Amino acid sequence: MEDSVQIDWQEIDTIIEKYKSDHEALLMIMQDISDIYNYVPPEAVLVLVDKLGVKKSLIYSVATFYKTISLEPRGKYIINVCTGTACHVRGADKVMDALHEKLKIKEGQTTDDLRFTLEAVRCVGCCASGPVITVNQETYGGLDRSKAVKVIEEYERDAS
C-alpha cells in the first residue's frame, strides 16, 4: 500500500483558517481534510495539534468515533454495505461475502492499490430497496451477489 501522500499544506491552512482555528470545529476540519485525501494523514494530525491547541488523543477520539473519518489511507471508492435489519434479512451478508471475494479484502480494509475500501454500515435509509450498497455518494439497491460484483466491476473499468 502507498505510504505517503503529497499534502498541500496551503490547502490545510485554508481549511483551518476557514474555521478561524477554532478547536471546537475539529470535527468539521477533519472532515474537510478527509474529503480531500480520503483520510486524515498523520502529518496533518500534528498540524492540527499545533494550530488548534488540541491534544492528539482528542483527534484520535474523534477519528475512532466517526465512521466518515479515518487516520488510515482509504480507497478512492468507499463501498458501504448496508447491514441494517431490512438489508440483512434480504441477503446483505451474501453481498458482503461476494465483495470480500471480489476485492480480496475484509470489512474495514482497503485494497493495496488504494482503489476500494469496504465497510459495513447500519442503515443508508433505503430499506425498501435492500440489500443496498453505496459507492461514495451513489446508491445501488436490489442487489444480490452478482449484481453487487457488477457494480464494482464498473468502477474498476472507470478507474482503468
# chains A, B, ... in the order shown; residues from 1 in each chain; ligands from 1
>>> closest_atom_pairs(of="region 121-152 of chain A", to="region 63-75 of chain A", cutoff="12 Å", atoms="only C-alpha atoms", output="Markdown table")
| residue | atom | partner | partner_atom | distance |
| --- | --- | --- | --- | --- |
| A:Val121 | CA | A:Lys67 | CA | 8.8 |
| A:Arg122 | CA | A:Lys67 | CA | 11.1 |
| A:Val135 | CA | A:Gly75 | CA | 10.7 |
| A:Asn136 | CA | A:Gly75 | CA | 10.0 |
>>> select_by_dssp(residues="region 70-116 of chain A", states="strand (DSSP E or B)", output="PyMOL selection string")
chain A and resi 77-82+110+116
>>> write_last_selection(atoms="N, CA and C atoms", output="compact mmCIF listing (two decimals), in the first residue's frame")
# COMPACT_ATOMS: atom_id res chain seq x y z
N TYR A 77 -12.67 4.76 -3.84
CA TYR A 77 -14.08 4.40 -3.77
C TYR A 77 -14.36 3.75 -2.42
N ILE A 78 -15.23 4.37 -1.63
CA ILE A 78 -15.62 3.83 -0.34
C ILE A 78 -16.94 3.07 -0.55
N ILE A 79 -16.89 1.76 -0.36
CA ILE A 79 -18.07 0.92 -0.53
C ILE A 79 -18.66 0.66 0.85
N ASN A 80 -19.90 1.09 1.04
CA ASN A 80 -20.62 0.84 2.28
C ASN A 80 -21.70 -0.18 2.00
N VAL A 81 -21.64 -1.30 2.69
CA VAL A 81 -22.68 -2.32 2.57
C VAL A 81 -23.63 -2.13 3.74
N CYS A 82 -24.90 -1.88 3.43
CA CYS A 82 -25.89 -1.71 4.48
C CYS A 82 -26.13 -3.06 5.15
N THR A 110 -8.70 -1.82 2.97
CA THR A 110 -8.55 -1.10 1.70
C THR A 110 -7.66 -1.94 0.79
N PHE A 116 -10.26 0.71 -3.51
CA PHE A 116 -11.51 0.42 -2.81
C PHE A 116 -11.30 0.23 -1.31
>>> atom_distance(atom1="CA of Glu156 (chain A)", atom2="CA of Gly91 (chain A)")
23.7 Å
>>> atom_distance(atom1="CA of Asp144 (chain A)", atom2="CA of Gly125 (chain A)")
18.2 Å
>>> select_by_dssp(residues="region 17-159 of chain A", states="alpha helix (DSSP H)", output="MDAnalysis selection string")
chainID A and resid 17:18 26:37 42:52 56:65 85:89 92:103 145:159
>>> decode(residues="region 60-84 of chain A", atoms="N, CA and C atoms", output="PDB file, in the first residue's frame")
ATOM      1  N   TYR A  60      -7.599  11.467  17.907  1.00  0.00           N
ATOM      2  CA  TYR A  60      -7.817  10.027  17.767  1.00  0.00           C
ATOM      3  C   TYR A  60      -9.224   9.637  18.222  1.00  0.00           C
ATOM      4  N   SER A  61      -9.720  10.292  19.262  1.00  0.00           N
ATOM      5  CA  SER A  61     -11.078  10.008  19.737  1.00  0.00           C
ATOM      6  C   SER A  61     -12.113  10.358  18.672  1.00  0.00           C
ATOM      7  N   VAL A  62     -11.962  11.513  18.065  1.00  0.00           N
ATOM      8  CA  VAL A  62     -12.889  11.940  17.011  1.00  0.00           C
ATOM      9  C   VAL A  62     -12.817  10.963  15.831  1.00  0.00           C
ATOM     10  N   ALA A  63     -11.610  10.609  15.437  1.00  0.00           N
ATOM     11  CA  ALA A  63     -11.430   9.724  14.279  1.00  0.00           C
ATOM     12  C   ALA A  63     -12.001   8.337  14.521  1.00  0.00           C
ATOM     13  N   THR A  64     -11.925   7.843  15.743  1.00  0.00           N
ATOM     14  CA  THR A  64     -12.441   6.497  16.003  1.00  0.00           C
ATOM     15  C   THR A  64     -13.944   6.502  16.256  1.00  0.00           C
ATOM     16  N   PHE A  65     -14.504   7.647  16.642  1.00  0.00           N
ATOM     17  CA  PHE A  65     -15.943   7.720  16.897  1.00  0.00           C
ATOM     18  C   PHE A  65     -16.734   7.880  15.606  1.00  0.00           C
ATOM     19  N   TYR A  66     -16.251   8.704  14.691  1.00  0.00           N
ATOM     20  CA  TYR A  66     -16.976   8.990  13.454  1.00  0.00           C
ATOM     21  C   TYR A  66     -16.478   8.117  12.311  1.00  0.00           C
ATOM     22  N   LYS A  67     -17.405   7.370  11.731  1.00  0.00           N
ATOM     23  CA  LYS A  67     -17.047   6.426  10.673  1.00  0.00           C
ATOM     24  C   LYS A  67     -16.567   7.115   9.393  1.00  0.00           C
ATOM     25  N   THR A  68     -16.960   8.363   9.185  1.00  0.00           N
ATOM     26  CA  THR A  68     -16.564   9.066   7.965  1.00  0.00           C
ATOM     27  C   THR A  68     -15.139   9.593   8.031  1.00  0.00           C
ATOM     28  N   ILE A  69     -14.503   9.454   9.185  1.00  0.00           N
ATOM     29  CA  ILE A  69     -13.135   9.953   9.342  1.00  0.00           C
ATOM     30  C   ILE A  69     -12.216   8.776   9.633  1.00  0.00           C
ATOM     31  N   SER A  70     -11.091   8.766   8.953  1.00  0.00           N
ATOM     32  CA  SER A  70     -10.121   7.701   9.148  1.00  0.00           C
ATOM     33  C   SER A  70      -8.728   8.309   9.272  1.00  0.00           C
ATOM     34  N   LEU A  71      -7.888   7.651  10.051  1.00  0.00           N
ATOM     35  CA  LEU A  71      -6.484   8.041  10.142  1.00  0.00           C
ATOM     36  C   LEU A  71      -5.610   7.128   9.289  1.00  0.00           C
ATOM     37  N   GLU A  72      -6.244   6.171   8.621  1.00  0.00           N
ATOM     38  CA  GLU A  72      -5.553   5.247   7.723  1.00  0.00           C
ATOM     39  C   GLU A  72      -5.962   5.558   6.287  1.00  0.00           C
ATOM     40  N   PRO A  73      -5.048   5.405   5.333  1.00  0.00           N
ATOM     41  CA  PRO A  73      -5.417   5.644   3.934  1.00  0.00           C
ATOM     42  C   PRO A  73      -6.623   4.794   3.528  1.00  0.00           C
ATOM     43  N   ARG A  74      -7.531   5.412   2.807  1.00  0.00           N
ATOM     44  CA  ARG A  74      -8.729   4.717   2.331  1.00  0.00           C
ATOM     45  C   ARG A  74      -8.762   4.797   0.818  1.00  0.00           C
ATOM     46  N   GLY A  75      -9.581   3.956   0.246  1.00  0.00           N
ATOM     47  CA  GLY A  75      -9.660   3.882  -1.207  1.00  0.00           C
ATOM     48  C   GLY A  75     -10.333   5.080  -1.839  1.00  0.00           C
ATOM     49  N   LYS A  76     -10.089   5.206  -3.121  1.00  0.00           N
ATOM     50  CA  LYS A  76     -10.758   6.242  -3.912  1.00  0.00           C
ATOM     51  C   LYS A  76     -12.266   6.027  -3.857  1.00  0.00           C
ATOM     52  N   TYR A  77     -12.670   4.760  -3.841  1.00  0.00           N
ATOM     53  CA  TYR A  77     -14.080   4.405  -3.766  1.00  0.00           C
ATOM     54  C   TYR A  77     -14.363   3.745  -2.421  1.00  0.00           C
ATOM     55  N   ILE A  78     -15.232   4.374  -1.630  1.00  0.00           N
ATOM     56  CA  ILE A  78     -15.625   3.826  -0.340  1.00  0.00           C
ATOM     57  C   ILE A  78     -16.935   3.071  -0.553  1.00  0.00           C
ATOM     58  N   ILE A  79     -16.886   1.759  -0.359  1.00  0.00           N
ATOM     59  CA  ILE A  79     -18.070   0.920  -0.533  1.00  0.00           C
ATOM     60  C   ILE A  79     -18.662   0.660   0.846  1.00  0.00           C
ATOM     61  N   ASN A  80     -19.902   1.095   1.037  1.00  0.00           N
ATOM     62  CA  ASN A  80     -20.617   0.836   2.281  1.00  0.00           C
ATOM     63  C   ASN A  80     -21.704  -0.185   1.996  1.00  0.00           C
ATOM     64  N   VAL A  81     -21.641  -1.300   2.692  1.00  0.00           N
ATOM     65  CA  VAL A  81     -22.680  -2.321   2.574  1.00  0.00           C
ATOM     66  C   VAL A  81     -23.633  -2.128   3.740  1.00  0.00           C
ATOM     67  N   CYS A  82     -24.900  -1.880   3.429  1.00  0.00           N
ATOM     68  CA  CYS A  82     -25.887  -1.709   4.484  1.00  0.00           C
ATOM     69  C   CYS A  82     -26.134  -3.063   5.147  1.00  0.00           C
ATOM     70  N   THR A  83     -25.999  -3.090   6.468  1.00  0.00           N
ATOM     71  CA  THR A  83     -26.244  -4.324   7.219  1.00  0.00           C
ATOM     72  C   THR A  83     -27.395  -4.138   8.204  1.00  0.00           C
ATOM     73  N   GLY A  84     -28.193  -3.084   7.979  1.00  0.00           N
ATOM     74  CA  GLY A  84     -29.366  -2.862   8.816  1.00  0.00           C
ATOM     75  C   GLY A  84     -30.348  -4.012   8.664  1.00  0.00           C
TER      76      GLY A  84
END
